[in-house]
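*Asks:* One structure coming up, written as C-alpha cells, with questions to follow.
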Amino acid sequence: MATKRILVVDDSCMYQRLLSDVINQHPGMEVVGVAADGKCALESIPVLKPDLVTLDILMPELDGIQTLMKLRRAWPDIRTVMVSSLTSEGSDAALDALALGASEYVAKPSAVGGISSIRQALSEDLLPKIAALCGIDQFSATDSNKVKSVIHRQAGSLSRTNSSANKVVPEIVAIGVSTGGPDALTKLLVQLPADLEVPIVIVQHMPAEFTAKLAVRLDEASALTVKEAEIGDCLQPGTVYMAPGDYHMVLERFNGAEAAIRLNQDPPENSCRPSADPLFRSVATLYGERSLGIIMTGMGQDGLKGSEALYAAGSSVLVQDEASSIVWGMPKLVAMAGLAEEQVSLNQIAMRILDRVRPASTSPGKVGRLSVEAANSSTYGKTMLGGEVQ
C-alpha cells in the first residue's frame, strides 16, 4: 500500500511539529506539508495532493470551519480531521465541523503533563483515527489474531433460534455507529416517518455532552423524537434513544412488562463507553428474533460480539456497505463473521427498516424536514447548523 500523504494545518508552530512527529511515526503515513492558516492550506493542496488534512479551528486569515467548507466543495474525497481545543468536550464547534463534512475530530490534549504527555495522547487518539480514515489496518497483530479467532469461531459454530428471522416483524431497531456517525445518522433518520411503529436505540461513540447536543440536532432535523437516553425511559414507538457519552446503555424489563433504559459505568468494552455490545446483548435477551440490529460506519470491532448475540437469538443484522461508509471497520468485521443478513448502502437503510416494521402497502407517512436529497446536498450543513452558511 502506498504511503498516505497528510497535510497538517495549525497556526501553532509547536503543534505543527507535534502532529508531524506523531503522524510520521506511523510507517504508512507521511506529513507532506504544514500550513499556518486555511488560505495557505488550500493553495498548497493542488501541489501536495494529500489524502487527509488535519485542521485547527482558530486560525488567522481563514479559520478551520471556513477552510473545511471550501475544501469539501473543491476536493470532496479528501478526508479531514479537526484537531482543536474547541473540539473538546461539550463544544458545538466539533458538531458544526462534522455537520459540514469533517470525517473525525480530536481534542488537543491538556498541556498539564508537558510535551511528552501531549505526544502520547495524540498517538493514542489521533493516530488510530487517521489510520482508519486512510484505510490502513486498524488492528495490531495481536488484535487481528483475536478478531480472526472470533470470526472463525462464529462462522463455524453459531446457530440460530430461528432460521427465518427476517420474517418476524421487529419491535425494536438497535444501531451501533462510530466514525462518520453524525452525518450517517442524520441521513438515515430524516428518511424515517414520525409514526414509525418501533423505537430505535443508538450507541454512537462520542464523549459526554457531545451526545446530548447531537441528539438535539437530530431531533430538529428528523420527524422522529430524538433524545439522549435517561435512566428509566420506557421505550416508545417513533422515539430514538441515544446512549449518553461515558455510559453504557442497556435495556431491562420495567414493572414486568415494558422495556426501559438502564445506564451504567461498567468498564469500557472494545475501549468504548458507550459500547454497542452491551446494548445489543440486552436487546437480544429482551426481544430475541423480534429485533433488528444495524452496524454502521466506524473503526474498531465494537458491535461484533453484540451482533453474535443478536444472530444467535434469531435476529436480523444489517451492516452499512463499504462504499457508503467513512470507515468500513465495524461493519466489515460483522460481515466477515457471517452475521450480516445484508450489506446495505446508507441511503437504503431506512427503506430496509420500513420494509421490516410495516406492511408494504402502508404509506411511508410524514418524513423529516430534510429530504433524502437535502441530506446529500450542500443544504445539509446549513440545516444542521441552524442557518445559512456563507
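Chain labels A, B, ... are given in the sequence in which chains occur in the C-alpha cells; within each chain residues are numbered consecutively from 1, and ligands are likewise numbered from 1 in the order shown.
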Could you give me, as a tab-separated table, a per-residue list for stretch 199-270 of chain A showing, wherever an atom lies at most 12 Å from an atom of stretch 335-357 of chain A, the closest pair of atoms and their distance in Å to one decimal, using only C-alpha atoms and sorting by chain then residue number from low to high?
*Replies:*
```
residue	atom	partner	partner_atom	distance
A:Pro199	CA	A:Val357	CA	10.6
A:Ile200	CA	A:Ile353	CA	10.4
A:Pro237	CA	A:Val357	CA	11.0
A:Gly238	CA	A:Val357	CA	11.6
```
*Asks:* The selected residues should be written to file as a short mmCIF file (atom, residue, chain, number, x, y, z; two decimals), in the first residue's frame (atoms: N, CA and C atoms).
*Replies:*
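This went into result26.cif:
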```cif
data_model
loop_
_atom_site.label_atom_id
_atom_site.label_comp_id
_atom_site.auth_asym_id
_atom_site.auth_seq_id
_atom_site.Cartn_x
_atom_site.Cartn_y
_atom_site.Cartn_z
N PRO A 199 -39.40 1.70 18.50
CA PRO A 199 -38.35 2.60 19.00
C PRO A 199 -37.01 2.24 18.37
N ILE A 200 -36.09 3.20 18.39
CA ILE A 200 -34.73 2.99 17.92
C ILE A 200 -33.77 3.32 19.07
N PRO A 237 -42.68 3.91 20.57
CA PRO A 237 -42.53 3.91 19.11
C PRO A 237 -42.27 5.33 18.60
N GLY A 238 -41.52 5.41 17.52
CA GLY A 238 -41.25 6.70 16.93
C GLY A 238 -40.27 7.57 17.71
#
```
*Asks:* For A:Ala184, work out the shell of residues within 12 Å, counting only C-alpha atoms and skipping chain neighbours fewer than 4 positions away, then give it as a ChimeraX atom specification.
*Replies:* /A:98-99,101,103,175-180,188-191,204,218,295-298,320,324-327,345-350,372,375-376,380
*Asks:* Per DSSP on the backbone, filter stretch 86-302 of chain A down to the residues in helix (DSSP H, G or I) and report them as a ChimeraX atom specification.
*Replies:* /A:86-87,92-99,115-133,141-157,165-167,181-189,210-221,276-290
*Asks:* Write the residues of the preceding selection, restricted to C-alpha atoms, as a PDB file, in the first residue's frame.
*Replies:*
```pdb
ATOM      1  CA  LEU A  86     -12.519  23.975  20.535  1.00  0.00           C
ATOM      2  CA  THR A  87     -13.398  20.375  19.748  1.00  0.00           C
ATOM      3  CA  ASP A  92     -20.551  22.974  19.381  1.00  0.00           C
ATOM      4  CA  ALA A  93     -17.596  23.540  17.066  1.00  0.00           C
ATOM      5  CA  ALA A  94     -16.987  19.798  16.726  1.00  0.00           C
ATOM      6  CA  LEU A  95     -20.562  19.087  15.704  1.00  0.00           C
ATOM      7  CA  ASP A  96     -20.513  22.064  13.350  1.00  0.00           C
ATOM      8  CA  ALA A  97     -17.441  20.591  11.674  1.00  0.00           C
ATOM      9  CA  LEU A  98     -18.970  17.107  11.454  1.00  0.00           C
ATOM     10  CA  ALA A  99     -22.187  18.554  10.022  1.00  0.00           C
ATOM     11  CA  ILE A 115       5.064  17.829  25.788  1.00  0.00           C
ATOM     12  CA  SER A 116       5.570  14.107  26.376  1.00  0.00           C
ATOM     13  CA  SER A 117       2.007  13.632  27.640  1.00  0.00           C
ATOM     14  CA  ILE A 118       0.589  15.614  24.692  1.00  0.00           C
ATOM     15  CA  ARG A 119       2.574  13.469  22.291  1.00  0.00           C
ATOM     16  CA  GLN A 120       1.366  10.271  23.946  1.00  0.00           C
ATOM     17  CA  ALA A 121      -2.268  11.403  23.952  1.00  0.00           C
ATOM     18  CA  LEU A 122      -2.110  12.301  20.254  1.00  0.00           C
ATOM     19  CA  SER A 123      -0.514   8.937  19.477  1.00  0.00           C
ATOM     20  CA  GLU A 124      -3.311   7.104  21.274  1.00  0.00           C
ATOM     21  CA  ASP A 125      -6.244   9.168  19.984  1.00  0.00           C
ATOM     22  CA  LEU A 126      -5.321  10.838  16.694  1.00  0.00           C
ATOM     23  CA  LEU A 127      -3.097   8.228  15.066  1.00  0.00           C
ATOM     24  CA  PRO A 128      -5.616   5.344  15.014  1.00  0.00           C
ATOM     25  CA  LYS A 129      -8.313   7.634  13.601  1.00  0.00           C
ATOM     26  CA  ILE A 130      -6.108   8.883  10.790  1.00  0.00           C
ATOM     27  CA  ALA A 131      -5.019   5.318  10.020  1.00  0.00           C
ATOM     28  CA  ALA A 132      -8.624   4.144   9.829  1.00  0.00           C
ATOM     29  CA  LEU A 133      -9.679   7.054   7.626  1.00  0.00           C
ATOM     30  CA  ALA A 141      -1.096  -8.155  15.069  1.00  0.00           C
ATOM     31  CA  THR A 142      -2.419  -9.286  18.463  1.00  0.00           C
ATOM     32  CA  ASP A 143      -5.813  -7.657  17.897  1.00  0.00           C
ATOM     33  CA  SER A 144      -6.029  -9.078  14.383  1.00  0.00           C
ATOM     34  CA  ASN A 145      -5.406 -12.585  15.680  1.00  0.00           C
ATOM     35  CA  LYS A 146      -8.132 -12.121  18.302  1.00  0.00           C
ATOM     36  CA  VAL A 147     -10.581 -10.874  15.679  1.00  0.00           C
ATOM     37  CA  LYS A 148      -9.741 -13.733  13.308  1.00  0.00           C
ATOM     38  CA  SER A 149     -10.279 -16.184  16.163  1.00  0.00           C
ATOM     39  CA  VAL A 150     -13.691 -14.707  16.968  1.00  0.00           C
ATOM     40  CA  ILE A 151     -14.724 -14.699  13.304  1.00  0.00           C
ATOM     41  CA  HIS A 152     -13.564 -18.276  12.791  1.00  0.00           C
ATOM     42  CA  ARG A 153     -15.452 -19.431  15.880  1.00  0.00           C
ATOM     43  CA  GLN A 154     -18.613 -17.579  14.867  1.00  0.00           C
ATOM     44  CA  ALA A 155     -18.592 -18.741  11.284  1.00  0.00           C
ATOM     45  CA  GLY A 156     -18.101 -22.352  12.306  1.00  0.00           C
ATOM     46  CA  SER A 157     -20.233 -22.828  15.392  1.00  0.00           C
ATOM     47  CA  ALA A 165     -35.643 -14.307  11.364  1.00  0.00           C
ATOM     48  CA  ASN A 166     -36.279 -11.812   8.605  1.00  0.00           C
ATOM     49  CA  LYS A 167     -39.924 -12.929   8.501  1.00  0.00           C
ATOM     50  CA  GLY A 181     -21.802   8.594  12.578  1.00  0.00           C
ATOM     51  CA  PRO A 182     -23.342  12.063  12.996  1.00  0.00           C
ATOM     52  CA  ASP A 183     -23.601  12.556   9.252  1.00  0.00           C
ATOM     53  CA  ALA A 184     -24.742   8.984   8.622  1.00  0.00           C
ATOM     54  CA  LEU A 185     -27.366   9.083  11.373  1.00  0.00           C
ATOM     55  CA  THR A 186     -28.808  12.313  10.016  1.00  0.00           C
ATOM     56  CA  LYS A 187     -29.097  10.882   6.514  1.00  0.00           C
ATOM     57  CA  LEU A 188     -30.796   7.791   7.955  1.00  0.00           C
ATOM     58  CA  LEU A 189     -33.196   9.396  10.421  1.00  0.00           C
ATOM     59  CA  PHE A 210     -21.460  15.642  22.670  1.00  0.00           C
ATOM     60  CA  THR A 211     -24.252  13.055  22.615  1.00  0.00           C
ATOM     61  CA  ALA A 212     -26.801  15.446  24.153  1.00  0.00           C
ATOM     62  CA  LYS A 213     -26.015  18.133  21.570  1.00  0.00           C
ATOM     63  CA  LEU A 214     -26.117  15.616  18.737  1.00  0.00           C
ATOM     64  CA  ALA A 215     -29.489  14.318  19.936  1.00  0.00           C
ATOM     65  CA  VAL A 216     -30.895  17.862  19.864  1.00  0.00           C
ATOM     66  CA  ARG A 217     -29.658  18.415  16.318  1.00  0.00           C
ATOM     67  CA  LEU A 218     -31.017  15.089  15.103  1.00  0.00           C
ATOM     68  CA  ASP A 219     -34.352  15.828  16.763  1.00  0.00           C
ATOM     69  CA  GLU A 220     -34.554  19.160  14.934  1.00  0.00           C
ATOM     70  CA  ALA A 221     -33.699  17.572  11.575  1.00  0.00           C
ATOM     71  CA  ALA A 276     -22.719  -1.274  21.191  1.00  0.00           C
ATOM     72  CA  ASP A 277     -22.020  -4.759  22.547  1.00  0.00           C
ATOM     73  CA  PRO A 278     -23.815  -4.385  25.934  1.00  0.00           C
ATOM     74  CA  LEU A 279     -26.803  -2.770  24.218  1.00  0.00           C
ATOM     75  CA  PHE A 280     -27.056  -5.468  21.569  1.00  0.00           C
ATOM     76  CA  ARG A 281     -26.766  -8.234  24.174  1.00  0.00           C
ATOM     77  CA  SER A 282     -29.629  -6.741  26.193  1.00  0.00           C
ATOM     78  CA  VAL A 283     -31.747  -6.349  23.052  1.00  0.00           C
ATOM     79  CA  ALA A 284     -31.103  -9.995  22.176  1.00  0.00           C
ATOM     80  CA  THR A 285     -32.179 -11.051  25.691  1.00  0.00           C
ATOM     81  CA  LEU A 286     -35.387  -8.996  25.768  1.00  0.00           C
ATOM     82  CA  TYR A 287     -36.521  -9.137  22.166  1.00  0.00           C
ATOM     83  CA  GLY A 288     -34.756 -12.103  20.580  1.00  0.00           C
ATOM     84  CA  GLU A 289     -35.887 -12.586  16.975  1.00  0.00           C
ATOM     85  CA  ARG A 290     -38.238  -9.585  17.296  1.00  0.00           C
TER      86      ARG A 290
END
```
*Asks:* For A:Lys108, which of A:Met299, A:Leu292, A:Ala2, A:Met82 is the closest residue, counting only C-alpha atoms?
*Replies:* A:Met82
*Asks:* Of the candidates A:Glu269, A:Asp246, A:Asp51, A:Glu308, which one gets nearest to A:Gly293 if we count only C-alpha atoms?
*Replies:* A:Glu308
*Asks:* So that I can check the secondary structure, give me every residue of stretch 214-327 of chain A assigned strand (DSSP E) by backbone DSSP, as an MDAnalysis selection string.
*Replies:* chainID A and resid 225:228 239:242 248:254 258:264 291:295 316:320
*Asks:* Can you pull out the residues contacting A:Ile231? Cut-off 9 Å, using only C-alpha atoms, and skip same-chain residues under 6 positions away; I want them as a ChimeraX atom specification.
*Replies:* /A:249,260-263
